[in-house]
>>> print(open('coords_33.csv').read())   # CSV, C-alpha atoms
chain,number,residue,atom,x,y,z
T,24,MET,CA,110.3,-148.3,167.5
T,25,ASN,CA,106.6,-148.1,166.6
T,26,GLY,CA,105.8,-145.6,169.3
T,27,ALA,CA,108.4,-143.1,168.0
T,28,ASP,CA,107.2,-139.6,169.0
T,29,ASP,CA,107.3,-136.7,166.7
T,30,GLY,CA,110.0,-134.8,168.5
T,31,ASP,CA,112.4,-137.8,168.2
T,32,LEU,CA,111.6,-138.2,164.5
T,33,ALA,CA,112.1,-134.5,163.8
T,34,ARG,CA,115.4,-134.6,165.6
T,35,LEU,CA,116.6,-137.6,163.5
T,36,LEU,CA,115.4,-136.0,160.3
T,37,ARG,CA,117.1,-132.7,161.1
T,38,MET,CA,120.4,-134.6,161.8
T,39,ALA,CA,119.9,-136.5,158.6
T,40,LEU,CA,119.5,-133.3,156.6
T,41,GLY,CA,122.7,-132.1,158.3
T,42,GLY,CA,124.5,-135.0,156.7
T,43,ASP,CA,124.3,-137.7,159.4
T,44,GLU,CA,123.8,-141.0,157.5
T,45,ARG,CA,123.3,-143.1,160.6
T,46,ALA,CA,120.5,-140.8,161.9
T,47,TYR,CA,118.9,-140.9,158.4
T,48,SER,CA,118.9,-144.7,158.5
T,49,ASP,CA,117.2,-144.6,161.9
T,50,PHE,CA,114.7,-142.1,160.7
T,51,LEU,CA,113.8,-144.3,157.7
T,52,GLN,CA,113.4,-147.4,159.9
T,53,ASN,CA,111.0,-145.5,162.1
T,54,ALA,CA,109.1,-144.0,159.1
T,55,ALA,CA,108.8,-147.5,157.5
T,56,ALA,CA,107.4,-148.9,160.7
T,57,LEU,CA,104.8,-146.1,161.0
T,58,VAL,CA,103.7,-146.3,157.4
T,59,ARG,CA,103.6,-150.1,157.5
T,60,ILE,CA,101.0,-150.1,160.3
T,61,TRP,CA,99.1,-147.2,158.7
T,62,ALA,CA,99.1,-149.0,155.2
T,63,ARG,CA,98.1,-152.4,156.5
T,64,ARG,CA,94.8,-151.2,157.7
T,65,ARG,CA,94.0,-149.5,154.4
T,66,VAL,CA,95.0,-152.0,151.8
T,67,ALA,CA,94.2,-155.4,153.4
T,68,SER,CA,90.7,-155.5,151.8
T,69,VAL,CA,91.7,-154.6,148.3
T,70,GLY,CA,94.6,-157.1,147.9
T,71,LEU,CA,97.5,-154.7,147.7
T,72,ASP,CA,100.8,-155.5,149.5
T,73,PRO,CA,101.3,-152.9,152.2
T,74,GLU,CA,105.0,-153.3,151.8
T,75,ASP,CA,104.8,-151.8,148.3
T,76,ILE,CA,103.2,-148.7,149.8
T,77,VAL,CA,106.0,-148.6,152.5
T,78,GLN,CA,108.7,-148.8,149.9
T,79,GLU,CA,107.1,-146.3,147.5
T,80,THR,CA,106.6,-143.9,150.4
T,81,LEU,CA,110.2,-144.2,151.5
T,82,LEU,CA,111.4,-143.4,148.0
T,83,ALA,CA,109.2,-140.3,147.9
T,84,VAL,CA,110.2,-139.2,151.4
T,85,HIS,CA,113.8,-139.5,150.2
T,86,LEU,CA,113.4,-137.6,147.0
T,87,LYS,CA,111.1,-134.9,148.6
T,88,ARG,CA,112.7,-134.5,152.0
T,89,HIS,CA,113.5,-130.9,151.2
T,90,THR,CA,109.8,-130.2,151.4
T,91,TRP,CA,109.7,-130.9,155.1
T,92,ARG,CA,109.6,-127.7,157.3
T,93,THR,CA,112.5,-128.2,159.6
T,94,ASP,CA,110.6,-126.4,162.4
T,95,GLY,CA,107.4,-128.4,161.9
T,96,PRO,CA,106.1,-131.9,162.9
T,97,VAL,CA,107.2,-134.9,160.9
T,98,LYS,CA,104.1,-137.2,161.0
T,99,PRO,CA,101.6,-135.0,159.2
T,100,TRP,CA,104.2,-134.6,156.4
T,101,LEU,CA,105.1,-138.3,156.4
T,102,PHE,CA,101.5,-139.5,156.3
T,103,ALA,CA,100.5,-137.0,153.6
T,104,ILE,CA,103.2,-138.5,151.4
T,105,ALA,CA,102.0,-142.0,152.3
T,106,ARG,CA,98.4,-141.0,151.5
T,107,HIS,CA,99.5,-139.6,148.1
T,108,LYS,CA,101.3,-142.9,147.3
T,109,LEU,CA,98.4,-145.0,148.5
T,110,ILE,CA,95.9,-143.1,146.3
T,111,ASP,CA,98.3,-143.6,143.4
T,112,ALA,CA,98.5,-147.3,144.1
T,113,LEU,CA,94.8,-147.8,144.5
T,114,ARG,CA,94.1,-145.9,141.3
T,115,ARG,CA,96.6,-148.2,139.4
T,116,HIS,CA,95.2,-151.2,141.1
T,117,GLY,CA,91.7,-150.3,140.0
T,118,ARG,CA,92.8,-149.7,136.5
T,119,HIS,CA,94.7,-153.0,136.2
T,120,ALA,CA,92.3,-155.1,138.3
T,121,ARG,CA,90.9,-157.0,135.3
T,122,VAL,CA,94.2,-157.6,133.7
T,123,GLN,CA,95.7,-158.8,136.9
T,124,LEU,CA,92.9,-161.3,137.5
T,125,SER,CA,93.7,-163.2,134.2
T,126,ASP,CA,97.4,-162.9,134.9
T,127,VAL,CA,96.9,-164.4,138.3
T,128,GLU,CA,95.0,-167.4,137.0
T,129,GLY,CA,97.7,-168.2,134.5
T,130,ASN,CA,100.6,-167.7,136.9
T,131,LEU,CA,99.1,-169.3,140.0
T,132,ALA,CA,101.3,-172.4,139.8
T,133,THR,CA,104.6,-170.5,139.3
T,134,GLU,CA,103.8,-168.0,141.9
T,135,GLU,CA,103.3,-170.6,144.5
T,136,ALA,CA,106.7,-172.0,143.8
T,137,GLU,CA,108.4,-168.7,144.5
T,138,THR,CA,109.7,-168.2,148.0
T,139,ALA,CA,110.9,-164.7,147.9
T,140,ARG,CA,108.2,-162.0,147.6
T,141,ASP,CA,108.4,-160.1,144.4
T,142,TRP,CA,107.5,-156.5,145.2
T,143,GLU,CA,106.9,-153.8,142.6
T,144,ILE,CA,110.3,-152.3,143.4
T,145,GLY,CA,111.9,-155.4,141.9
T,146,ARG,CA,110.2,-154.7,138.6
T,147,ALA,CA,111.3,-151.1,138.8
T,148,LEU,CA,114.9,-152.2,139.1
T,149,GLU,CA,114.7,-153.6,135.6
T,150,VAL,CA,114.5,-150.1,134.1
T,151,LEU,CA,117.9,-149.1,135.4
T,152,THR,CA,121.0,-149.0,133.2
T,153,PRO,CA,123.4,-151.8,133.9
T,154,GLY,CA,125.8,-149.4,135.7
T,155,GLN,CA,123.0,-148.0,137.9
T,156,ARG,CA,121.7,-151.5,138.7
T,157,SER,CA,125.0,-152.8,139.8
T,158,VAL,CA,125.6,-149.8,142.1
T,159,VAL,CA,122.1,-150.0,143.6
T,160,THR,CA,122.4,-153.7,144.1
T,161,ALA,CA,125.9,-153.6,145.6
T,162,ILE,CA,124.8,-151.0,148.2
T,163,SER,CA,121.3,-152.3,149.0
T,164,VAL,CA,121.3,-156.1,148.5
T,165,GLU,CA,125.0,-156.7,149.2
T,166,GLY,CA,125.1,-154.0,151.9
T,167,ARG,CA,128.4,-152.4,150.6
T,168,THR,CA,129.4,-148.9,151.5
T,169,ILE,CA,130.0,-146.3,148.8
T,170,ALA,CA,133.8,-146.8,149.0
T,171,GLU,CA,133.5,-150.6,148.8
T,172,ALA,CA,131.1,-150.4,145.9
T,173,ALA,CA,133.5,-148.1,144.1
T,174,ARG,CA,136.4,-150.5,144.6
T,175,ILE,CA,134.5,-153.6,143.5
T,176,LEU,CA,132.9,-151.9,140.5
T,177,ASP,CA,136.2,-150.1,139.6
T,178,MET,CA,134.5,-146.7,139.6
T,179,ASN,CA,135.4,-143.5,141.5
T,180,GLU,CA,133.2,-142.6,144.5
T,181,THR,CA,131.6,-139.6,142.8
T,182,ALA,CA,130.5,-141.8,139.9
T,183,VAL,CA,129.0,-144.3,142.4
T,184,ARG,CA,127.1,-141.6,144.2
T,185,VAL,CA,125.7,-140.2,141.0
T,186,ALA,CA,124.7,-143.6,139.7
T,187,LEU,CA,123.0,-144.4,143.0
T,188,HIS,CA,121.1,-141.1,143.1
T,189,ARG,CA,120.0,-141.4,139.5
T,190,GLY,CA,119.1,-145.0,140.0
T,191,LEU,CA,116.9,-144.3,143.0
T,192,ALA,CA,115.2,-141.4,141.1
T,193,ALA,CA,114.6,-143.7,138.2
T,194,ILE,CA,113.1,-146.4,140.4
T,195,ALA,CA,110.8,-143.8,142.1
T,196,ARG,CA,109.6,-142.6,138.6
T,197,ARG,CA,109.0,-146.1,137.4
T,198,PHE,CA,107.5,-147.5,140.6
T,199,GLY,CA,104.3,-149.4,139.8
T,200,ARG,CA,103.9,-147.9,136.4
T,201,LYS,CA,103.5,-150.2,133.5
H,2,MET,CA,114.4,-155.9,147.1
H,3,GLU,CA,113.5,-155.9,150.8
H,4,THR,CA,112.6,-152.7,152.6
H,5,GLN,CA,115.8,-153.0,154.8
H,6,GLU,CA,117.8,-153.1,151.6
H,7,LEU,CA,116.1,-150.1,150.2
H,8,ILE,CA,116.8,-148.2,153.4
H,9,LYS,CA,120.5,-149.0,153.0
H,10,ALA,CA,120.5,-147.5,149.5
H,11,LEU,CA,118.5,-144.4,150.6
H,12,ALA,CA,120.8,-143.8,153.6
H,13,ALA,CA,123.9,-144.1,151.3
H,14,ASP,CA,122.4,-141.4,149.1
H,15,ASN,CA,121.9,-139.0,152.1
H,16,GLN,CA,124.4,-136.4,150.8
H,17,ARG,CA,122.3,-135.5,147.8
H,18,SER,CA,119.2,-133.6,148.8
H,19,GLY,CA,117.0,-131.3,146.8
H,20,ARG,CA,117.4,-127.6,147.0
H,21,PRO,CA,115.5,-126.1,149.9
H,22,MET,CA,112.0,-124.9,149.0
H,23,THR,CA,112.6,-121.4,150.4
H,24,VAL,CA,115.5,-120.9,148.0
H,25,VAL,CA,113.5,-122.4,145.1
H,26,TRP,CA,110.4,-120.2,145.7
H,27,THR,CA,112.4,-117.0,146.2
H,28,GLY,CA,114.3,-117.7,143.0
H,29,ALA,CA,111.2,-118.6,141.0
H,30,ALA,CA,109.3,-115.5,142.2
H,31,VAL,CA,112.2,-113.1,141.5
H,32,VAL,CA,112.8,-114.5,138.0
H,33,ALA,CA,109.1,-114.6,137.3
H,34,ILE,CA,108.8,-110.9,138.1
H,35,ALA,CA,111.9,-110.1,136.0
H,36,VAL,CA,110.5,-112.1,133.0
H,37,ALA,CA,107.1,-110.3,133.3
H,38,ALA,CA,108.9,-107.0,133.5
H,39,GLY,CA,111.0,-107.8,130.4
H,40,VAL,CA,108.0,-108.8,128.3
H,41,PHE,CA,105.9,-105.8,129.5
H,42,PHE,CA,108.5,-103.2,128.7
H,43,VAL,CA,109.3,-104.7,125.3
H,44,LEU,CA,105.7,-105.1,124.2
H,45,LEU,CA,103.8,-102.3,126.0
H,46,GLY,CA,105.4,-100.1,128.6
H,47,PRO,CA,103.6,-97.8,131.0
H,48,ARG,CA,101.1,-95.2,129.9
H,49,PRO,CA,102.6,-91.8,129.2
H,50,ASP,CA,100.5,-90.0,131.8
H,51,ILE,CA,101.5,-92.4,134.6
H,52,ALA,CA,102.7,-89.6,136.9
H,53,SER,CA,99.3,-87.8,137.0
H,54,ALA,CA,97.4,-91.1,137.0
H,55,MET,CA,99.2,-91.9,140.3
H,56,GLN,CA,97.5,-88.9,141.8
H,57,THR,CA,94.1,-90.4,141.2
H,58,LEU,CA,92.4,-93.1,143.4
H,59,ARG,CA,91.4,-95.7,140.8
H,60,PHE,CA,94.8,-96.1,139.0
H,61,PRO,CA,96.9,-97.0,142.1
H,62,PHE,CA,94.1,-99.2,143.4
H,63,LYS,CA,94.4,-101.5,140.3
H,64,ILE,CA,98.1,-102.0,141.0
H,65,VAL,CA,97.6,-102.5,144.7
H,66,VAL,CA,94.9,-105.2,144.2
H,67,ALA,CA,97.1,-107.0,141.7
H,68,CYS,CA,100.0,-106.9,144.1
H,69,VAL,CA,97.8,-108.2,146.9
H,70,LEU,CA,96.6,-111.0,144.7
H,71,THR,CA,100.3,-111.8,143.8
H,72,LEU,CA,101.4,-112.0,147.4
H,73,SER,CA,98.5,-114.0,148.7
H,74,SER,CA,98.6,-116.5,145.9
H,75,LEU,CA,102.4,-116.9,146.1
H,76,SER,CA,102.0,-117.7,149.8
H,77,ALA,CA,99.2,-120.2,149.1
H,78,LEU,CA,101.3,-121.7,146.3
H,79,ARG,CA,104.2,-122.1,148.6
H,80,ALA,CA,102.1,-123.8,151.2
H,81,LEU,CA,100.5,-126.1,148.7
H,82,SER,CA,103.9,-127.3,147.5
H,83,ARG,CA,104.2,-129.2,150.8
H,84,PRO,CA,102.3,-132.4,150.9
H,85,GLU,CA,100.6,-131.9,154.3
H,86,THR,CA,98.8,-128.6,153.4
H,87,HIS,CA,95.0,-128.6,153.6
H,88,PRO,CA,93.4,-126.4,150.9
H,89,ARG,CA,90.9,-125.0,153.5
H,90,ASP,CA,93.7,-123.4,155.4
H,91,LEU,CA,94.4,-121.1,152.5
H,92,LEU,CA,91.0,-119.6,152.1
H,93,THR,CA,91.7,-116.7,154.4
H,94,PRO,CA,94.7,-115.3,152.5
H,95,LEU,CA,93.2,-116.0,149.1
H,96,ILE,CA,89.9,-114.1,149.8
H,97,VAL,CA,91.6,-110.7,150.5
H,98,ALA,CA,92.1,-109.6,146.9
H,99,PRO,CA,88.5,-110.6,145.8
H,100,VAL,CA,87.1,-108.8,148.9
H,101,LEU,CA,89.1,-105.6,148.0
H,102,MET,CA,87.9,-105.8,144.5
H,103,ALA,CA,84.2,-106.3,145.5
H,104,MET,CA,84.4,-103.3,147.8
H,105,ALA,CA,85.9,-101.1,145.1
H,106,VAL,CA,83.1,-102.2,142.7
H,107,LEU,CA,80.5,-101.3,145.3
H,108,ALA,CA,82.2,-97.9,145.9
H,109,GLU,CA,82.3,-97.2,142.1
H,110,LEU,CA,78.6,-98.1,141.7
H,111,ILE,CA,77.7,-95.6,144.5
H,112,ALA,CA,80.1,-92.9,143.2
H,113,VAL,CA,79.2,-92.8,139.5
H,114,PRO,CA,75.9,-92.3,137.7
H,115,THR,CA,74.0,-95.4,136.6
H,116,SER,CA,74.1,-94.2,133.0
H,117,THR,CA,77.9,-94.5,132.8
H,118,TRP,CA,78.2,-98.0,134.3
H,119,SER,CA,78.1,-100.0,131.1
H,120,ALA,CA,80.6,-97.6,129.3
H,121,ARG,CA,83.0,-98.0,132.3
H,122,LEU,CA,82.6,-101.7,132.3
H,123,VAL,CA,83.2,-102.2,128.6
H,124,GLY,CA,86.0,-99.6,128.5
H,125,THR,CA,88.2,-99.4,125.4
H,126,ASN,CA,91.0,-102.0,126.2
H,127,SER,CA,89.1,-105.2,127.0
H,128,LEU,CA,90.7,-107.2,124.2
H,129,VAL,CA,94.2,-105.8,124.9
H,130,CYS,CA,93.7,-106.7,128.5
H,131,LEU,CA,92.6,-110.3,127.6
H,132,THR,CA,95.6,-110.7,125.3
H,133,PHE,CA,98.4,-109.1,127.2
H,134,ILE,CA,97.8,-110.3,130.8
H,135,PRO,CA,98.0,-114.0,129.7
H,136,LEU,CA,100.9,-113.1,127.4
H,137,ILE,CA,102.9,-111.4,130.2
H,138,GLY,CA,101.9,-114.1,132.6
H,139,ILE,CA,102.7,-117.2,130.7
H,140,GLY,CA,106.5,-117.1,131.3
H,141,PRO,CA,106.0,-116.5,135.1
H,142,LEU,CA,103.4,-119.3,135.1
H,143,ALA,CA,105.9,-121.8,133.6
H,144,LEU,CA,108.6,-120.8,136.2
H,145,LEU,CA,106.2,-121.2,139.1
H,146,LEU,CA,105.0,-124.6,137.8
H,147,LEU,CA,108.7,-125.7,137.6
H,148,ALA,CA,109.2,-124.7,141.2
H,149,LEU,CA,105.9,-126.5,142.1
H,150,ARG,CA,107.2,-129.6,140.5
H,151,HIS,CA,110.2,-129.5,142.7
H,152,GLY,CA,107.9,-129.6,145.7
H,153,ALA,CA,105.4,-132.4,146.6
H,154,SER,CA,101.9,-131.1,146.3
H,155,SER,CA,99.0,-133.4,147.3
H,156,HIS,CA,96.6,-131.2,145.2
H,157,PRO,CA,98.2,-130.7,141.8
H,158,ALA,CA,95.3,-129.0,140.0
H,159,LEU,CA,94.6,-126.6,142.9
H,160,SER,CA,98.3,-125.8,143.2
H,161,GLY,CA,98.5,-125.2,139.5
H,162,ALA,CA,95.5,-122.8,139.7
H,163,ALA,CA,97.3,-120.9,142.6
H,164,ALA,CA,100.4,-120.7,140.3
H,165,GLY,CA,98.1,-119.2,137.6
H,166,LEU,CA,96.7,-116.7,140.0
H,167,ALA,CA,100.2,-115.6,141.1
H,168,ALA,CA,101.4,-115.3,137.5
H,169,GLY,CA,98.1,-113.5,136.7
H,170,GLY,CA,98.7,-111.1,139.6
H,171,ILE,CA,102.2,-110.3,138.5
H,172,ALA,CA,101.1,-109.8,134.9
H,173,ALA,CA,98.1,-107.7,135.9
H,174,ALA,CA,100.2,-105.4,138.1
H,175,PHE,CA,102.4,-104.6,135.1
H,176,TYR,CA,99.6,-104.4,132.6
H,177,ALA,CA,97.6,-102.1,134.9
H,178,SER,CA,100.3,-99.4,134.5
H,179,HIS,CA,99.7,-99.5,130.8
H,180,CYS,CA,95.9,-99.6,130.7
H,181,THR,CA,93.9,-96.4,130.7
H,182,ASP,CA,90.7,-98.1,131.8
H,183,ASP,CA,90.8,-97.5,135.6
H,184,SER,CA,87.2,-98.1,136.6
H,185,PRO,CA,86.9,-101.0,139.1
H,186,LEU,CA,84.0,-102.2,136.9
H,187,PHE,CA,86.5,-102.7,134.1
H,188,VAL,CA,89.1,-104.3,136.3
H,189,ALA,CA,86.7,-106.6,138.0
H,190,THR,CA,85.4,-107.9,134.7
H,191,TRP,CA,88.3,-108.1,132.3
H,192,TYR,CA,91.3,-108.4,134.6
H,193,THR,CA,89.5,-111.2,136.4
H,194,MET,CA,88.8,-113.0,133.2
H,195,ALA,CA,92.4,-112.7,132.0
H,196,VAL,CA,93.7,-114.0,135.3
H,197,ALA,CA,91.2,-116.8,135.2
H,198,ILE,CA,92.6,-117.9,131.9
H,199,LEU,CA,96.0,-118.3,133.5
H,200,ALA,CA,94.6,-120.1,136.5
H,201,VAL,CA,92.8,-122.6,134.3
H,202,ALA,CA,96.0,-123.1,132.2
H,203,GLY,CA,98.0,-123.6,135.4
H,204,ALA,CA,95.5,-126.2,136.8
H,205,LEU,CA,95.5,-128.1,133.5
H,206,ALA,CA,99.3,-128.0,133.2
H,207,ALA,CA,100.0,-129.0,136.8
H,208,ARG,CA,97.8,-132.1,136.5
H,209,ARG,CA,100.1,-133.3,133.8
H,210,ILE,CA,103.6,-132.3,135.1
H,211,ILE,CA,103.2,-133.0,138.8
H,212,ASP,CA,103.9,-136.7,138.9
H,213,TRP,CA,105.9,-137.4,142.1
>>> encode(input="coords_33.csv", output="structure tokens")
Amino acid sequence: MNGADDGDLARLLRMALGGDERAYSDFLQNAAALVRIWARRRVASVGLDPEDIVQETLLAVHLKRHTWRTDGPVKPWLFAIARHKLIDALRRHGRHARVQLSDVEGNLATEEAETARDWEIGRALEVLTPGQRSVVTAISVEGRTIAEAARILDMNETAVRVALHRGLAAIARRFGRK
Amino acid sequence: METQELIKALAADNQRSGRPMTVVWTGAAVVAIAVAAGVFFVLLGPRPDIASAMQTLRFPFKIVVACVLTLSSLSALRALSRPETHPRDLLTPLIVAPVLMAMAVLAELIAVPTSTWSARLVGTNSLVCLTFIPLIGIGPLALLLLALRHGASSHPALSGAAAGLAAGGIAAAFYASHCTDDSPLFVATWYTMAVAILAVAGALAARRIIDW
């Protein structure tokens, strides 16, 4: 998966843009793996979690995938987005470094007790409206399809799609910003 | 939320994708030109002797160089709206209009007597030029910045400046058909200054509104 060549990625992304959800999921998996390796080398020394960069990059890839030239290579485009998000994260990190230090000292005990990692996306989820949050959680955490989410939440499918799309856009806007 | 979970949500949202950039740029450019034309014809309109002016060398040249600036900065802008574009790849197209302008200035300096240089440079419309090019260009600039925001530029300030150059080129092409100062010395001084105002405005605005 890590050695995905650009031609395969481009094929997957083209199929995804043509409406193939399965191909899109495969593409995102590959993109996540590539960005993870790329980010790990770059953030290890500054104390950022590479997975935050991966998630923020995937969101940007999703919302900006219409900027990919369908006849061009994928990786330069993907890593340019990752770089943009990494620079953003480093800038925020630098700005909040002092605040975080005192935060960390106070919260050390509680943080150790937590088992699940709390990425920035979790905090971004908090800004969603209750409706958007239940749709996003049903599909992501619970792994429901659009149709299942619609049934469980007693909404029609179009409303579920709209809530999902707006929820993801809101998460992307909110990501890491305080 | 785990990355795997995020991917599920993104894949489920596959049907909703942004409008293709080709469509957005074409639309923005067409509407920008229409807006500039509207403002120009309401506020100024072409000079009365435009037909005879077209027979000269200097008058059509102003319009040609403005159109060249428009086309090259639109193509640079379009490239800059993609994240992977390196600014250095855009130098070649962007240098064409300044080179044309410099050659025209040189030709003018050779063609006309030294004693008339300053009168040609100062002209009679410098303030009109500095007022109306930004005024005609501000609407187009706003439209181009909106289209830019739809993209994913890695260089917001530079992209905004390119949007300002494009808007300035459009505005200058219309304004040139009104202005009676045709000397390249005038154009190189005042048009450049007016277009630079839009480029700076574009760079400042883009840094604020491009936040993907």
>>> residues_around(input="coords_33.csv", residues="Ala172 (chain H)", least_positions_apart="3", cutoff="12 Å", atoms="only C-alpha atoms", output="PDB file with C-alpha atoms, in the frame of the given file")
ATOM      1  CA  ALA H  33     109.100-114.600 137.300  1.00  0.00           C
ATOM      2  CA  ILE H  34     108.800-110.900 138.100  1.00  0.00           C
ATOM      3  CA  ALA H  35     111.900-110.100 136.000  1.00  0.00           C
ATOM      4  CA  VAL H  36     110.500-112.100 133.000  1.00  0.00           C
ATOM      5  CA  ALA H  37     107.100-110.300 133.300  1.00  0.00           C
ATOM      6  CA  ALA H  38     108.900-107.000 133.500  1.00  0.00           C
ATOM      7  CA  GLY H  39     111.000-107.800 130.400  1.00  0.00           C
ATOM      8  CA  VAL H  40     108.000-108.800 128.300  1.00  0.00           C
ATOM      9  CA  PHE H  41     105.900-105.800 129.500  1.00  0.00           C
ATOM     10  CA  PHE H  42     108.500-103.200 128.700  1.00  0.00           C
ATOM     11  CA  LEU H  45     103.800-102.300 126.000  1.00  0.00           C
ATOM     12  CA  LYS H  63      94.400-101.500 140.300  1.00  0.00           C
ATOM     13  CA  ILE H  64      98.100-102.000 141.000  1.00  0.00           C
ATOM     14  CA  ALA H  67      97.100-107.000 141.700  1.00  0.00           C
ATOM     15  CA  CYS H  68     100.000-106.900 144.100  1.00  0.00           C
ATOM     16  CA  LEU H  70      96.600-111.000 144.700  1.00  0.00           C
ATOM     17  CA  THR H  71     100.300-111.800 143.800  1.00  0.00           C
ATOM     18  CA  CYS H 130      93.700-106.700 128.500  1.00  0.00           C
ATOM     19  CA  LEU H 131      92.600-110.300 127.600  1.00  0.00           C
ATOM     20  CA  THR H 132      95.600-110.700 125.300  1.00  0.00           C
ATOM     21  CA  PHE H 133      98.400-109.100 127.200  1.00  0.00           C
ATOM     22  CA  ILE H 134      97.800-110.300 130.800  1.00  0.00           C
ATOM     23  CA  PRO H 135      98.000-114.000 129.700  1.00  0.00           C
ATOM     24  CA  LEU H 136     100.900-113.100 127.400  1.00  0.00           C
ATOM     25  CA  ILE H 137     102.900-111.400 130.200  1.00  0.00           C
ATOM     26  CA  GLY H 138     101.900-114.100 132.600  1.00  0.00           C
ATOM     27  CA  ILE H 139     102.700-117.200 130.700  1.00  0.00           C
ATOM     28  CA  GLY H 140     106.500-117.100 131.300  1.00  0.00           C
ATOM     29  CA  PRO H 141     106.000-116.500 135.100  1.00  0.00           C
ATOM     30  CA  LEU H 142     103.400-119.300 135.100  1.00  0.00           C
ATOM     31  CA  GLY H 165      98.100-119.200 137.600  1.00  0.00           C
ATOM     32  CA  LEU H 166      96.700-116.700 140.000  1.00  0.00           C
ATOM     33  CA  ALA H 167     100.200-115.600 141.100  1.00  0.00           C
ATOM     34  CA  ALA H 168     101.400-115.300 137.500  1.00  0.00           C
ATOM     35  CA  GLY H 169      98.100-113.500 136.700  1.00  0.00           C
ATOM     36  CA  PHE H 175     102.400-104.600 135.100  1.00  0.00           C
ATOM     37  CA  TYR H 176      99.600-104.400 132.600  1.00  0.00           C
ATOM     38  CA  ALA H 177      97.600-102.100 134.900  1.00  0.00           C
ATOM     39  CA  SER H 178     100.300 -99.400 134.500  1.00  0.00           C
ATOM     40  CA  HIS H 179      99.700 -99.500 130.800  1.00  0.00           C
ATOM     41  CA  TYR H 192      91.300-108.400 134.600  1.00  0.00           C
ATOM     42  CA  THR H 193      89.500-111.200 136.400  1.00  0.00           C
ATOM     43  CA  ALA H 195      92.400-112.700 132.000  1.00  0.00           C
ATOM     44  CA  VAL H 196      93.700-114.000 135.300  1.00  0.00           C
ATOM     45  CA  LEU H 199      96.000-118.300 133.500  1.00  0.00           C
TER      46      LEU H 199
END
>>> atom_distance(input="coords_33.csv", atom1="CA of Ala147 (chain T)", atom2="CA of Glu3 (chain H)")
13.1 Å
>>> interface_residues(input="coords_33.csv", of="chain T", to="chain H", cutoff="8 Å", atoms="all atoms listed in the file", output="PyMOL selection string")
chain T and resi 39-40+42-45+47-48+51-52+74+77-78+81-83+85-91+99-100+102-104+107+141-142+144-145+159+162-164+166+168-169+184+187-188+191+196
>>> residues_around(input="coords_33.csv", residues="Leu113 (chain T)", least_positions_apart="5", cutoff="9 Å", atoms="only C-alpha atoms", output="JSON, numbers by chain")
{"T": [66, 69, 71, 108, 118]}
>>> atom_distance(input="coords_33.csv", atom1="CA of Pro73 (chain T)", atom2="CA of Arg146 (chain T)")
16.4 Å
>>> atom_distance(input="coords_33.csv", atom1="CA of Gly95 (chain T)", atom2="CA of Ala29 (chain H)")
23.4 Å
